[in-house]
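**Student:** Okay, handing you the structure first.
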Amino acid sequence: MPTKKLQVNTISRQVYTILKKSIVSGHYEPSQWLQEAQLSKELGVSRSPIREALKQLAADGLVKEIPNKGTFVREFSDKEMLEVYEIRGLLESYAISHLPEELSDEQKSKMENYKQRLREYYDDDDLEEYIVVDSKFHRYIIECTDNSILMELYRRVRNMNMLFRIYSLSSKARFDESIEEHTDLIDNIINGNYDEAVRINASHLSSAKETALAQLHKKKEG
C-alpha cells in the first residue's frame, strides 16, 4: 500500500510540473476549464494524480476551484496583478536589505553566473530562457537571506507572478531595459550597495508592472 501511494504522489508531482508549465507558458488560457477526464486522456494517467496536481496548483494560486463547476486557470484582475507586484516588491526589498553584510564567495560567484546567463540569453534574443533565469535569480536573492518563512511567502507570490511575467518583457524596449537593470542590480548586490540595489529593484519591478498591465489590456482588447 505505501508503495502504491508513493507512485501516485510521484506521478501527481510530474503532472503538476507539466500543468504548471502549460499554464505559465499560456498554453492554457486564463479562465480555461481544466477537465480531469480530458487531462487524464491527454497525459495518459489516471484521474487521481490529476486531482492531486490540481489541488497543488490551487494552493499555488494558479488555478481556481469552483464548487460544482470545476477547476479553471486563474484570471487576474488589474487590482490583483498590481497587488502581486506590490507584495513581491515588499518581499524582495526586505530580502535585499537583510542580505549578509558581505556575500560569500560562492554567493558572489552564483550572482555573477546569473548575470552572465541573462546576458547570453538576451544576446540570443531568447526571451523564454531569459525569463526562466530571471525568475531563478530573483528567487536566489530570497534564498540568500536564509529565512525559511520569507522563502515560503515568496514561493506563492512568485508562482502567481509567473502567470503574467512574460507580458512584462513583451516589448523590445522593455527587454533592453531589463538586461541593464539586472546588470546594475547584481553588481550593486555583489558590492554590498544594498540601498542602491533596493532602489534599482523597485524601479525594475515598477517598469515590469506597468508593461505587463499594458500588454494584458492589449491582449484582452485583441
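Each chain in the C-alpha cells gets a letter, A, B, ..., in the order shown, and its residues are numbered from 1; ligands are numbered from 1 in order too.
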Residues within 12 Å of A:Glu152, please, as a list in words. Count only C-alpha atoms; anything in the same chain fewer than 3 positions from it doesn't count.

**Tutor:**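 Returned residues: Asp60, Leu91, Arg139, Ile142, Glu143, Asp146, Asn147, Ser148, Ile149, Arg155, Arg156, Val157, Arg158 and Asn159 of chain A.
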
**Student:** Would you kindly return, as a PyMOL selection string, each protein, DNA or RNA residue with an atom no farther than 12 Å from any atom of A:Lys21, considering only C-alpha atoms and excluding same-chain residues fewer than 3 positions away?

**Tutor:** chain A and resi 14-18+24-28+57+62+128+132+159+162-163

**Student:** Could the residues in this selection be saved with all heavy atoms as a short mmCIF file (atom, residue, chain, number, x, y, z; two decimals), in the first residue's frame?

**Tutor:**
```cif
data_model
loop_
_atom_site.label_atom_id
_atom_site.label_comp_id
_atom_site.auth_asym_id
_atom_site.auth_seq_id
_atom_site.Cartn_x
_atom_site.Cartn_y
_atom_site.Cartn_z
N GLN A 14 4.75 14.88 -11.17
CA GLN A 14 5.10 15.02 -12.58
C GLN A 14 3.99 15.74 -13.34
O GLN A 14 4.24 16.62 -14.17
CB GLN A 14 5.38 13.65 -13.20
CG GLN A 14 6.62 12.97 -12.65
CD GLN A 14 6.77 11.53 -13.14
OE1 GLN A 14 5.80 10.92 -13.58
NE2 GLN A 14 7.98 11.01 -13.06
N VAL A 15 2.75 15.37 -13.05
CA VAL A 15 1.59 16.01 -13.68
C VAL A 15 1.54 17.48 -13.28
O VAL A 15 1.29 18.35 -14.13
CB VAL A 15 0.28 15.30 -13.26
CG1 VAL A 15 -0.93 16.09 -13.74
CG2 VAL A 15 0.25 13.89 -13.83
N TYR A 16 1.80 17.75 -12.01
CA TYR A 16 1.82 19.13 -11.52
C TYR A 16 2.83 19.97 -12.30
O TYR A 16 2.53 21.09 -12.74
CB TYR A 16 2.18 19.13 -10.02
CG TYR A 16 2.62 20.47 -9.47
CD1 TYR A 16 1.69 21.45 -9.12
CD2 TYR A 16 3.97 20.75 -9.30
CE1 TYR A 16 2.10 22.66 -8.61
CE2 TYR A 16 4.39 21.97 -8.79
CZ TYR A 16 3.45 22.92 -8.45
OH TYR A 16 3.87 24.14 -7.96
N THR A 17 4.02 19.42 -12.51
CA THR A 17 5.07 20.15 -13.23
C THR A 17 4.65 20.42 -14.67
O THR A 17 4.85 21.54 -15.18
CB THR A 17 6.38 19.32 -13.23
OG1 THR A 17 6.79 19.11 -11.88
CG2 THR A 17 7.48 20.07 -13.97
N ILE A 18 4.05 19.44 -15.31
CA ILE A 18 3.60 19.60 -16.70
C ILE A 18 2.50 20.65 -16.80
O ILE A 18 2.54 21.55 -17.66
CB ILE A 18 3.10 18.26 -17.27
CG1 ILE A 18 4.26 17.27 -17.40
CG2 ILE A 18 2.41 18.46 -18.61
CD1 ILE A 18 3.82 15.85 -17.72
N VAL A 24 1.71 28.62 -17.13
CA VAL A 24 2.53 29.84 -17.14
C VAL A 24 3.04 30.19 -18.54
O VAL A 24 3.37 31.35 -18.81
CB VAL A 24 3.73 29.74 -16.16
CG1 VAL A 24 3.23 29.52 -14.74
CG2 VAL A 24 4.69 28.65 -16.58
N SER A 25 3.08 29.20 -19.44
CA SER A 25 3.51 29.48 -20.81
C SER A 25 2.37 30.00 -21.67
O SER A 25 2.58 30.45 -22.80
CB SER A 25 4.08 28.21 -21.45
OG SER A 25 3.06 27.25 -21.67
N GLY A 26 1.14 29.94 -21.13
CA GLY A 26 -0.01 30.42 -21.88
C GLY A 26 -0.68 29.36 -22.73
O GLY A 26 -1.62 29.65 -23.47
N HIS A 27 -0.21 28.11 -22.64
CA HIS A 27 -0.84 27.02 -23.39
C HIS A 27 -2.29 26.86 -22.96
O HIS A 27 -3.17 26.63 -23.79
CB HIS A 27 -0.08 25.72 -23.16
CG HIS A 27 -0.69 24.53 -23.85
ND1 HIS A 27 -0.63 24.37 -25.22
CD2 HIS A 27 -1.38 23.47 -23.36
CE1 HIS A 27 -1.26 23.25 -25.55
NE2 HIS A 27 -1.72 22.67 -24.45
N TYR A 28 -2.53 27.00 -21.66
CA TYR A 28 -3.89 27.03 -21.15
C TYR A 28 -4.24 28.49 -20.87
O TYR A 28 -3.54 29.17 -20.13
CB TYR A 28 -4.03 26.21 -19.86
CG TYR A 28 -3.80 24.72 -20.05
CD1 TYR A 28 -2.91 24.02 -19.23
CD2 TYR A 28 -4.47 24.02 -21.04
CE1 TYR A 28 -2.70 22.65 -19.40
CE2 TYR A 28 -4.25 22.65 -21.21
CZ TYR A 28 -3.38 21.98 -20.40
OH TYR A 28 -3.16 20.64 -20.57
N LEU A 57 -1.91 23.13 -7.54
CA LEU A 57 -1.94 24.35 -8.35
C LEU A 57 -2.89 25.38 -7.76
O LEU A 57 -2.64 26.59 -7.84
CB LEU A 57 -2.35 24.00 -9.79
CG LEU A 57 -1.31 23.21 -10.60
CD1 LEU A 57 -1.95 22.64 -11.87
CD2 LEU A 57 -0.12 24.09 -10.94
N LEU A 62 -2.57 29.35 -8.89
CA LEU A 62 -2.53 29.34 -10.36
C LEU A 62 -3.86 28.90 -10.98
O LEU A 62 -4.12 29.19 -12.15
CB LEU A 62 -1.42 28.42 -10.85
CG LEU A 62 0.01 28.87 -10.50
CD1 LEU A 62 1.02 27.85 -11.01
CD2 LEU A 62 0.30 30.23 -11.09
N GLU A 128 12.25 33.28 -23.73
CA GLU A 128 11.74 32.20 -22.88
C GLU A 128 12.77 31.78 -21.83
O GLU A 128 12.46 31.68 -20.64
CB GLU A 128 11.33 31.00 -23.72
CG GLU A 128 10.69 29.89 -22.91
CD GLU A 128 10.16 28.75 -23.77
OE1 GLU A 128 10.02 28.94 -24.99
OE2 GLU A 128 9.90 27.67 -23.21
N VAL A 132 13.16 32.40 -17.54
CA VAL A 132 13.43 31.31 -16.59
C VAL A 132 14.58 31.71 -15.65
O VAL A 132 14.48 31.57 -14.42
CB VAL A 132 13.79 30.01 -17.33
CG1 VAL A 132 14.29 28.96 -16.33
CG2 VAL A 132 12.58 29.48 -18.09
N ASN A 159 4.90 32.19 -7.88
CA ASN A 159 4.08 31.34 -8.73
C ASN A 159 2.99 32.13 -9.43
O ASN A 159 2.76 31.97 -10.63
CB ASN A 159 3.44 30.21 -7.90
CG ASN A 159 4.40 29.07 -7.65
OD1 ASN A 159 5.30 28.80 -8.44
ND2 ASN A 159 4.23 28.39 -6.53
N MET A 162 4.31 34.39 -12.19
CA MET A 162 4.72 33.69 -13.41
C MET A 162 3.61 33.69 -14.46
O MET A 162 3.88 33.57 -15.67
CB MET A 162 5.13 32.26 -13.08
CG MET A 162 6.45 32.16 -12.35
SD MET A 162 6.85 30.47 -11.82
CE MET A 162 7.27 29.72 -13.40
N LEU A 163 2.36 33.86 -14.06
CA LEU A 163 1.25 33.87 -15.00
C LEU A 163 1.31 35.05 -15.95
O LEU A 163 0.82 34.97 -17.07
CB LEU A 163 -0.09 33.88 -14.25
CG LEU A 163 -0.61 32.55 -13.75
CD1 LEU A 163 -1.86 32.73 -12.91
CD2 LEU A 163 -0.90 31.62 -14.91
#
```

**Student:** Could you pull the residues within 12 Å of A:Asn113, counting only C-alpha atoms, minus those fewer than 3 positions along the same chain, as a ChimeraX atom specification?

**Tutor:** /A:106-110,116-120,133-134,136-137,140,183,186-187,190

**Student:** As a PyMOL selection string, please: the residues near A:Lys55 (cut-off 12 Å, only C-alpha atoms, same-chain neighbours under 2 positions excluded).

**Tutor:** chain A and resi 12-13+15-16+19-20+34+36+48-53+57-66+70-72

**Student:** Using DSSP on the backbone, list every residue of stretch 60-215 of chain A that comes out as helix (DSSP H, G or I), and give them as a PyMOL selection string.

**Tutor:** chain A and resi 60+78-97+105-123+127-143+148-161+165-169+172-190+194-215

**Student:** Would you mind reading off the distance between atom CA of A:Leu185 and atom CA of A:Leu216, one decimal, in Å?

**Tutor:**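 Atom-to-atom, atom CA of A:Leu185 to atom CA of A:Leu216, that is 26.4 Å.
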
**Student:** Taking 4 positions as the minimum chain separation for residues in the same chain, which residues sit within 12 Å of A:Ser97 when counting only C-alpha atoms? Answer as number ranges by chain.

**Tutor:** A: 90-93, 101-102, 141-142, 144-145, 189, 192-199, 201

**Student:** Just the strand (DSSP E or B) stuff from stretch 30-153 of chain A, please, per backbone DSSP, written as number ranges by chain.

**Tutor:** A: 33, 63-66, 70-73

**Student:** Would you pick out the contacts of stretch 80-83 of chain A at 10 Å or less, using only C-alpha atoms, so that residues sharing its chain but fewer than 6 positions from it are not included, and give the list as a count of residues only?

**Tutor:** 11

**Student:** If you measure from atom CA of A:Asp176 to atom CA of A:Tyr122, what distance in Å do you get, rounded to one decimal?

**Tutor:**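 Computing it gives 8.2 Å between the two atoms.
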
**Student:** Please, what distance in Å, to one decimal, runs between atom CA of A:Ile23 and atom CA of A:Val73?

**Tutor:** 7.3 Å
